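What follows is a single structure, written as C-alpha cells, with notes after it.
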Amino acid sequence: PFDLSWDRLSKYLLNNWGSISSENSFNLNSVFQDNLRNEMINVQLFFIKLFGCAILESENTFFDTKSLSDALSNGEEHQNVYISFRASEIKSNKKYAANSDIEMFTGKDKEIKYLHWYYIVGQFAVDVIYSEVPDEIDLNGALKPSQMGDVVSLSKLNYDQDYTNN
C-alpha cells in the first residue's frame with residue numbers, strides 16, 4: 001500500500017506541477033478522495049522505507065533504524081519523521097529520479113538533532129526529516145501526516161543550518 005499511495009501522489013504531482021508550483025500548494029483531496037490521512041501515512045511509510053535503506057547504504061552506524069522498521073511493520077505513522085514537498089533544484093523537464101546523501105546535525109553532546117534526506121522526481125522533491133527534537137530545529141514546513149490538512153504548501157530548500165553550535 002505504501003508504494004501504491006506514493007504512485008498516485010507522484011503521478012498527480014508530475015501531471016499538475018505547473019499549476020502546483022505557481023499556486024505554491026496542492027490539495028490532497030484531488031489525489032485521495034477517501035482515507036486521506038491513511039493514504040498520507042502510506043506516503044510517509046514509502047519514504048521511511050527509502051530513508052532507512054539510504055541510512056543502511058551509507059554504512060553509518062550512528063542511527064538505529066529499528067523505529068523505522070517498526071513503523072513499516074505496523075503500518076503506523078512514525079512520530080519523528082516529517083515530510084515536505086518543494087521544487088527541485090533541477091529546472092529540467094526530463095523525467096528522472098535522484099536522491100541525496102544523508103545529512104546529519106548533532107548538538108554539543110553529539111545527540112542527533114536531525115537527519116535530512118531528499119528524493120527528486122523530475123521538477124519536484126520530497127524532503128524527509130527525522131528529528132526527536134523538532135522544537136529545537138527549523139523543520140522548514142515539513143509535517144507528519146497527522147499534522148497535514150487538505151492543502152499542502154510547498155517548502156523551500158533551506159537546510160544550511162548548523163545545529164552543532166547550539
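Each chain in the C-alpha cells gets a letter, A, B, ..., in the order shown, and its residues are numbered from 1; ligands are numbered from 1 in order too.
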
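Once Asn99 (chain A) and its same-chain neighbours fewer than 4 positions away are set aside, Tyr118, Tyr119 and Ile120 of chain A remain within 7 Å of it when counting only C-alpha atoms.
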
As a list in words, please: all residues of region 51-81 of chain A that backbone DSSP puts in alpha helix (DSSP H).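 Everything in region 51-81 of chain A that counts as alpha helix (DSSP H) is Phe51, Gly52, Cys53, Ala54, Ile55, Leu56, Glu57, Lys66, Ser67, Leu68, Ser69, Asp70, Ala71, Leu72, Ser73 and Asn74 of chain A.
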
Dump C-alpha atoms for the selected residues as a PDB file, in the first residue's frame?
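result.pdb, written as the output of this step:
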```pdb
ATOM      1  CA  PHE A  51      15.154   6.658   4.001  1.00  0.00           C
ATOM      2  CA  GLY A  52      16.018   3.561   6.030  1.00  0.00           C
ATOM      3  CA  CYS A  53      17.693   1.980   3.010  1.00  0.00           C
ATOM      4  CA  ALA A  54      19.698   5.174   2.434  1.00  0.00           C
ATOM      5  CA  ILE A  55      20.837   5.129   6.070  1.00  0.00           C
ATOM      6  CA  LEU A  56      21.901   1.482   5.839  1.00  0.00           C
ATOM      7  CA  GLU A  57      23.662   2.021   2.492  1.00  0.00           C
ATOM      8  CA  LYS A  66      14.583  -0.101  14.471  1.00  0.00           C
ATOM      9  CA  SER A  67      11.904   2.568  14.939  1.00  0.00           C
ATOM     10  CA  LEU A  68      11.717   2.964  11.158  1.00  0.00           C
ATOM     11  CA  SER A  69      11.289  -0.800  10.659  1.00  0.00           C
ATOM     12  CA  ASP A  70       8.690  -0.914  13.428  1.00  0.00           C
ATOM     13  CA  ALA A  71       6.628   1.796  11.722  1.00  0.00           C
ATOM     14  CA  LEU A  72       6.790  -0.131   8.447  1.00  0.00           C
ATOM     15  CA  SER A  73       5.882  -3.445  10.071  1.00  0.00           C
ATOM     16  CA  ASN A  74       2.974  -1.923  11.977  1.00  0.00           C
TER      17      ASN A  74
END
```

Where does DSSP see strand (DSSP E) in chain A, if you list the residues as a PyMOL selection string? chain A and resi 25-27+81-87+97-99+103-106+112-121+124-130+151-153

Option closest in space to Ile41 (chain A), from A:Phe26, A:Phe62, A:Trp17, A:Phe2 [counting only C-alpha atoms]: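 Of A:Phe26, A:Phe62, A:Trp17, A:Phe2, the one nearest Ile41 (chain A), counting only C-alpha atoms, is A:Phe2.
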
Measuring between only C-alpha atoms, which one of A:Asp34, A:Glu103, A:Glu77, A:Asp3 shows the shortest distance to Ile129 (chain A)?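 Result for the nearest residue to Ile129 (chain A): A:Glu103.
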
Restricting the calculation to only C-alpha atoms, which member of A:Gly18, A:Gly122, A:Pro1, A:Gly75 is positioned closest to Ser88 (chain A)? A:Gly122

Have a look at A:Leu115, A:Ala98, A:Ala87, A:Val126 and name the one nearest to Ser21 (chain A); count only C-alpha atoms. A:Ala87
